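query_17.cif follows (mmCIF, C-alpha atoms and all ligand atoms):
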data_target
loop_
_atom_site.label_atom_id
_atom_site.label_comp_id
_atom_site.auth_asym_id
_atom_site.auth_seq_id
_atom_site.Cartn_x
_atom_site.Cartn_y
_atom_site.Cartn_z
CA MET A 1 107.02 95.76 116.77
CA GLN A 2 106.95 95.13 113.02
CA TYR A 3 106.13 91.42 113.56
CA VAL A 4 103.02 92.33 115.57
CA TYR A 5 101.66 94.29 112.58
CA ILE A 6 102.52 91.41 110.24
CA ILE A 7 100.71 88.85 112.42
CA VAL A 8 97.64 91.06 112.95
CA LEU A 9 97.35 91.92 109.22
CA GLY A 10 97.93 88.26 108.24
CA LEU A 11 95.23 87.06 110.65
CA HIS A 12 92.90 89.82 109.44
CA VAL A 13 93.22 88.89 105.78
CA MET A 14 93.05 85.11 106.42
CA ALA A 15 89.93 85.37 108.60
CA GLY A 16 88.37 87.77 106.07
CA VAL A 17 89.01 85.32 103.23
CA VAL A 18 87.39 82.48 105.26
CA TRP A 19 84.35 84.59 106.17
CA ALA A 20 83.74 86.13 102.73
CA GLY A 21 84.74 82.96 100.84
CA THR A 22 82.48 80.54 102.72
CA THR A 23 79.59 83.02 102.66
CA ILE A 24 79.79 83.42 98.87
CA ALA A 25 80.21 79.64 98.34
CA VAL A 26 77.23 78.76 100.56
CA ALA A 27 75.13 81.50 98.92
CA ARG A 28 75.80 80.05 95.46
CA GLU A 29 75.01 76.44 96.37
CA PRO A 30 71.79 75.96 98.37
CA GLU A 31 72.49 72.20 98.60
CA ILE A 32 75.37 72.89 100.99
CA ARG A 33 74.17 72.66 104.58
CA ALA A 34 74.62 76.31 105.56
CA GLU A 35 74.05 75.58 109.27
CA ARG A 36 77.40 73.72 109.41
CA PHE A 37 79.19 76.89 108.31
CA PHE A 38 77.42 79.35 110.57
CA ARG A 39 79.61 79.03 113.67
CA PRO A 40 82.97 79.05 111.79
CA GLN A 41 81.71 82.06 109.82
CA MET A 42 80.81 83.97 112.97
CA GLY A 43 84.15 82.96 114.53
CA ALA A 44 86.02 84.26 111.47
CA ALA A 45 83.92 87.45 111.54
CA GLY A 46 84.92 87.95 115.21
CA VAL A 47 88.64 87.62 114.34
CA VAL A 48 88.16 90.02 111.39
CA PHE A 49 86.56 92.70 113.58
CA LEU A 50 89.07 92.30 116.40
CA THR A 51 92.14 92.46 114.13
CA GLY A 52 90.49 95.17 111.97
CA LEU A 53 89.99 97.38 115.02
CA LEU A 54 93.65 96.82 116.00
CA LEU A 55 94.76 97.77 112.45
CA TRP A 56 92.67 100.93 112.66
CA TYR A 57 94.26 101.76 116.02
CA PHE A 58 97.81 101.09 114.70
CA PHE A 59 97.59 102.87 111.34
CA HIS A 60 94.54 105.15 111.15
CA ASN A 61 93.82 106.43 114.64
CA GLY A 62 93.10 110.18 114.61
CA SER A 63 92.86 110.61 110.85
CA PHE A 64 89.84 110.41 108.54
CA GLY A 65 91.04 111.05 105.00
CA SER A 66 89.92 109.41 101.77
CA MET A 67 91.54 106.03 102.62
CA GLU A 68 89.72 105.91 105.97
CA LYS A 69 86.42 106.80 104.26
CA VAL A 70 86.82 103.81 101.89
CA LEU A 71 87.80 101.53 104.83
CA ALA A 72 84.79 102.83 106.79
CA LEU A 73 82.44 101.94 103.92
CA GLY A 74 83.92 98.41 103.93
CA ILE A 75 83.55 98.17 107.71
CA LEU A 76 79.91 99.33 107.50
CA THR A 77 79.01 96.72 104.87
CA ALA A 78 80.81 94.04 106.96
CA LEU A 79 78.79 95.07 110.04
CA ILE A 80 75.51 94.84 108.10
CA ALA A 81 76.62 91.46 106.62
CA ALA A 82 77.27 90.09 110.13
CA GLY A 83 73.86 91.38 111.29
CA VAL A 84 72.04 89.83 108.33
CA GLN A 85 73.87 86.50 108.78
CA GLY A 86 73.07 86.44 112.48
CA ALA A 87 69.41 87.38 111.97
CA LEU A 88 68.54 85.19 108.97
CA VAL A 89 71.02 82.28 108.99
CA GLY A 90 71.58 82.04 112.75
CA SER A 91 67.92 82.10 113.74
CA ALA A 92 66.89 79.65 110.96
CA SER A 93 69.68 77.17 111.73
CA ARG A 94 68.61 77.06 115.40
CA GLN A 95 65.03 76.19 114.36
CA LEU A 96 66.09 73.41 111.96
CA ALA A 97 66.41 70.64 114.54
CA GLY A 98 63.08 68.90 114.95
CA ALA A 99 61.37 70.86 112.14
CA ASP A 100 59.22 68.96 109.64
CA ALA A 101 60.28 68.69 105.96
CA ALA A 102 58.14 71.63 104.76
CA THR A 103 59.43 73.91 107.51
CA GLN A 104 63.00 72.81 106.82
CA THR A 105 62.61 73.85 103.16
CA GLN A 106 61.36 77.27 104.26
CA LEU A 107 64.18 77.65 106.77
CA ARG A 108 66.81 76.67 104.18
CA ALA A 109 65.40 79.23 101.74
CA LYS A 110 65.70 81.85 104.48
CA MET A 111 69.33 80.83 105.16
CA THR A 112 70.24 80.99 101.45
CA LYS A 113 68.67 84.46 101.25
CA GLY A 114 70.72 85.57 104.27
CA GLU A 115 73.95 84.18 102.81
CA ARG A 116 73.24 85.88 99.46
CA ILE A 117 72.66 89.30 101.01
CA ALA A 118 75.70 88.89 103.30
CA GLY A 119 77.84 87.62 100.38
CA GLY A 120 76.97 90.67 98.27
CA LEU A 121 77.81 93.02 101.13
CA LEU A 122 81.12 91.21 101.79
CA VAL A 123 82.08 91.62 98.12
CA ILE A 124 81.85 95.40 98.72
CA THR A 125 83.90 95.00 101.94
CA VAL A 126 86.68 93.05 100.20
CA PHE A 127 86.74 95.57 97.35
CA CYS A 128 87.01 98.51 99.78
CA MET A 129 89.71 96.81 101.90
CA ALA A 130 91.83 95.85 98.89
CA THR A 131 91.65 99.25 97.19
CA ALA A 132 91.50 101.72 100.13
CA ARG A 133 95.24 102.41 99.92
CA MET A 134 94.82 103.82 96.39
CA PHE A 135 92.39 106.59 97.41
C1 LIG A 201 85.54 90.15 104.81
C2 LIG A 201 86.05 91.06 105.58
C3 LIG A 201 87.40 91.71 105.37
C4 LIG A 201 88.44 91.41 104.52
C5 LIG A 201 88.56 90.28 103.51
C6 LIG A 201 89.48 92.39 104.76
C7 LIG A 201 90.69 92.44 104.08
C8 LIG A 201 91.65 93.42 104.23
C9 LIG A 201 92.86 93.54 103.45
C10 LIG A 201 93.29 92.60 102.33
C11 LIG A 201 93.52 94.63 103.89
C12 LIG A 201 94.90 95.09 103.43
C13 LIG A 201 94.81 96.34 102.58
C14 LIG A 201 96.22 96.88 102.31
O1 LIG A 201 97.16 96.63 103.08
O2 LIG A 201 96.36 97.56 101.31
C15 LIG A 201 92.72 95.21 104.95
C16 LIG A 201 93.05 96.34 105.63
C17 LIG A 201 92.34 96.86 106.69
N1 LIG A 201 91.17 96.37 107.22
FE1 LIG A 201 90.12 94.83 106.50
N2 LIG A 201 89.06 93.25 105.75
C18 LIG A 201 87.81 92.87 106.15
C19 LIG A 201 87.02 93.47 107.12
C20 LIG A 201 87.43 94.49 107.97
C21 LIG A 201 86.72 94.98 109.12
C22 LIG A 201 85.37 94.47 109.60
C23 LIG A 201 87.50 95.97 109.69
C24 LIG A 201 87.25 96.78 110.93
C25 LIG A 201 86.59 96.40 111.98
C26 LIG A 201 88.68 96.12 108.89
C27 LIG A 201 89.70 97.02 109.09
C28 LIG A 201 90.82 97.18 108.28
C29 LIG A 201 91.79 98.24 108.43
C30 LIG A 201 91.78 99.33 109.48
C31 LIG A 201 92.75 98.05 107.43
C32 LIG A 201 93.94 98.96 107.11
C33 LIG A 201 95.26 98.38 107.54
C34 LIG A 201 96.43 99.18 106.98
O3 LIG A 201 96.35 100.42 106.94
O4 LIG A 201 97.43 98.57 106.58
N3 LIG A 201 88.61 95.19 107.87
N4 LIG A 201 91.59 94.45 105.14
#
Please express the file's structure as structure tokens.
Amino acid sequence: MQYVYIIVLGLHVMAGVVWAGTTIAVAREPEIRAERFFRPQMGAAGVVFLTGLLLWYFFHNGSFGSMEKVLALGILTALIAAGVQGALVGSASRQLAGADAATQTQLRAKMTKGERIAGGLLVITVFCMATARMF
């Protein structure tokens, strides 16, 4: 059974690194075409939530001590980050095709804003995940 935990935790951390890492990189560099990252980011977020829920079921089901409270804060900020990314980046990237230059500039500004908010929230998530064990 040990190998199942190892694979799930490994997938969780790898997908989390991809999601948080690309979000922060895209947020810092508006010249990067954020729309090309949106689908991989949402895919990584899906893997993070799926494996995260499994980890909760394996190791934290039925208890809500200080470690779980820190994990829950990280989960909440990750949920809000996914919502913000979906609402701001997802909707803007769908409208990009066929938009004129002025509209494209506006849409790109909206996407950068979404990535910045999501990136900030994911920094909190990563911090909570990495330190929860110490609480
Ligand atoms: C960017 C997003 C995320 C990253 C980078 C991330 C990263 C990590 C890391 C590095 C750990 C290992 C902590 C340790 O063993 O000391 C961890 C644990 C955990 N994560 Fe995440 N995580 C993310 C999002 C989430 C989400 C969304 C959930 C829930 C849906 C979640 C649930 C958990 C749980 C339950 C554990 C505890 C596992 C254990 O007790 O060993 N994580 N996470």
(request) For a cut-off of 12 Å around (86.5, 98.4, 98.7), file coordinates, pick out all residues using all atoms listed in the file and list them as a ChimeraX atom specification. (result) /A:66-78,121-135
(request) Go through A:Ile80, A:Leu11, A:Ile24, A:Leu50 one by one, measure the shortest atom-to-atom distance of each to ligand LIG 201 (chain A) using all atoms listed in the file, and give the residue with the smallest value. (result)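 Looking at the shortest contact to ligand LIG 201 (chain A), the residue is A:Leu50.
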(request) Have a look at A:Asn61, A:Gln95, A:Gln2, A:Thr112 and name the one nearest to Thr23 of chain A; count only C-alpha atoms. (result) A:Thr112
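The spacing separating atom CA of Tyr3 of chain A from atom C33 of ligand LIG 201 (chain A) amounts to 14.2 Å.
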(request) Rank A:Leu55, A:Val8, A:Leu96, A:Val47 by their smallest atom-to-atom distance to ligand LIG 201 (chain A), using all atoms listed in the file, and report the top residue only. (result)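 Answer, going by the shortest atom-to-atom distance: A:Leu55.
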(request) Considering only C-alpha atoms, state which residue in the set A:Leu54, A:Lys113, A:Phe59, A:Ala118 is at the smallest distance from Gly83 of chain A. (result)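 Among the listed residues, A:Ala118 lies closest to Gly83 of chain A.
Going from atom CA of Thr105 of chain A over to atom CA of Ala27 of chain A, you cover 15.3 Å.
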(message) Applying 12 Å and all atoms listed in the file, which residues near Arg33 of chain A remain after dropping the ones on its own chain fewer than 6 positions away? List them as a list in words.
(response)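 These residues fall inside the cut-off: Thr22, Thr23, Ala25, Val26, Ala27, Val89, Ala92, Ser93, Leu96, Gln104, Thr105, Leu107, Arg108, Ala109, Met111, Thr112 and Glu115 of chain A.
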(message) Restricting the calculation to all atoms listed in the file: of A:Phe64, A:Phe58, A:Tyr5, A:Trp19, which residue gets closest to Gly43 of chain A?
(response) A:Trp19
(request) Check the smallest atom-to-atom distance from each of A:Met1, A:Leu53, A:Leu88, A:Val17 to Ala34 of chain A using all atoms listed in the file, then report the winner. (result) A:Leu88
(request) Record the distance separating atom C7 of ligand LIG 201 (chain A) and atom CA of Gly16 of chain A, expressed in Å with one decimal. (result)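 Here the two named atoms are 5.6 Å from each other.
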Where is the centre and how long are the edges: axis-aligned box on ligand LIG 201 (chain A), 3 Å on each side, Å to one decimal, as AutoDock Vina command-line options:
--center_x 91.4 --center_y 95.3 --center_z 106.6 --size_x 18.1 --size_y 16.3 --size_z 16.7
Atoms are missing here; could segment 108-134 of chain A be completed with N, CA and C atoms and written as a compact mmCIF listing (two decimals), in the coordinates of the input?
# COMPACT_ATOMS: atom_id res chain seq x y z
N ARG A 108 65.62 76.69 105.07
CA ARG A 108 66.81 76.67 104.18
C ARG A 108 66.76 77.80 103.16
N ALA A 109 65.55 78.10 102.68
CA ALA A 109 65.40 79.23 101.74
C ALA A 109 65.78 80.54 102.43
N LYS A 110 65.38 80.65 103.71
CA LYS A 110 65.70 81.85 104.48
C LYS A 110 67.22 81.97 104.68
N MET A 111 67.87 80.82 104.95
CA MET A 111 69.33 80.83 105.16
C MET A 111 70.05 81.23 103.88
N THR A 112 69.59 80.66 102.73
CA THR A 112 70.24 80.99 101.45
C THR A 112 70.10 82.49 101.17
N LYS A 113 68.90 83.03 101.46
CA LYS A 113 68.67 84.46 101.25
C LYS A 113 69.64 85.29 102.09
N GLY A 114 69.80 84.87 103.36
CA GLY A 114 70.72 85.57 104.27
C GLY A 114 72.15 85.51 103.78
N GLU A 115 72.57 84.33 103.31
CA GLU A 115 73.95 84.18 102.81
C GLU A 115 74.15 85.01 101.55
N ARG A 116 73.12 85.10 100.71
CA ARG A 116 73.24 85.88 99.46
C ARG A 116 73.39 87.36 99.77
N ILE A 117 72.56 87.87 100.67
CA ILE A 117 72.66 89.30 101.01
C ILE A 117 74.02 89.56 101.64
N ALA A 118 74.41 88.71 102.62
CA ALA A 118 75.70 88.89 103.30
C ALA A 118 76.86 88.78 102.31
N GLY A 119 76.78 87.81 101.38
CA GLY A 119 77.84 87.62 100.38
C GLY A 119 78.02 88.87 99.52
N GLY A 120 76.91 89.45 99.08
CA GLY A 120 76.97 90.67 98.27
C GLY A 120 77.63 91.81 99.04
N LEU A 121 77.24 91.96 100.30
CA LEU A 121 77.81 93.02 101.13
C LEU A 121 79.31 92.79 101.37
N LEU A 122 79.69 91.51 101.54
CA LEU A 122 81.12 91.21 101.79
C LEU A 122 81.96 91.42 100.53
N VAL A 123 81.35 91.29 99.35
CA VAL A 123 82.08 91.62 98.12
C VAL A 123 82.48 93.11 98.17
N ILE A 124 81.54 93.95 98.61
CA ILE A 124 81.85 95.40 98.72
C ILE A 124 82.96 95.61 99.76
N THR A 125 82.87 94.88 100.90
CA THR A 125 83.90 95.00 101.94
C THR A 125 85.28 94.66 101.38
N VAL A 126 85.39 93.50 100.72
CA VAL A 126 86.68 93.05 100.20
C VAL A 126 87.22 94.08 99.20
N PHE A 127 86.34 94.57 98.35
CA PHE A 127 86.74 95.57 97.35
C PHE A 127 87.29 96.82 98.05
N CYS A 128 86.57 97.30 99.04
CA CYS A 128 87.01 98.51 99.78
C CYS A 128 88.35 98.26 100.47
N MET A 129 88.48 97.11 101.15
CA MET A 129 89.71 96.81 101.90
C MET A 129 90.92 96.75 100.96
N ALA A 130 90.71 96.08 99.82
CA ALA A 130 91.83 95.85 98.89
C ALA A 130 92.25 97.12 98.17
N THR A 131 91.31 98.07 98.01
CA THR A 131 91.65 99.25 97.19
C THR A 131 91.82 100.53 98.01
N ALA A 132 91.50 100.50 99.30
CA ALA A 132 91.50 101.72 100.13
C ALA A 132 92.81 102.51 100.01
N ARG A 133 93.91 101.80 99.99
CA ARG A 133 95.24 102.41 99.92
C ARG A 133 95.41 103.32 98.70
N MET A 134 94.65 103.07 97.65
CA MET A 134 94.82 103.82 96.39
C MET A 134 94.04 105.12 96.38
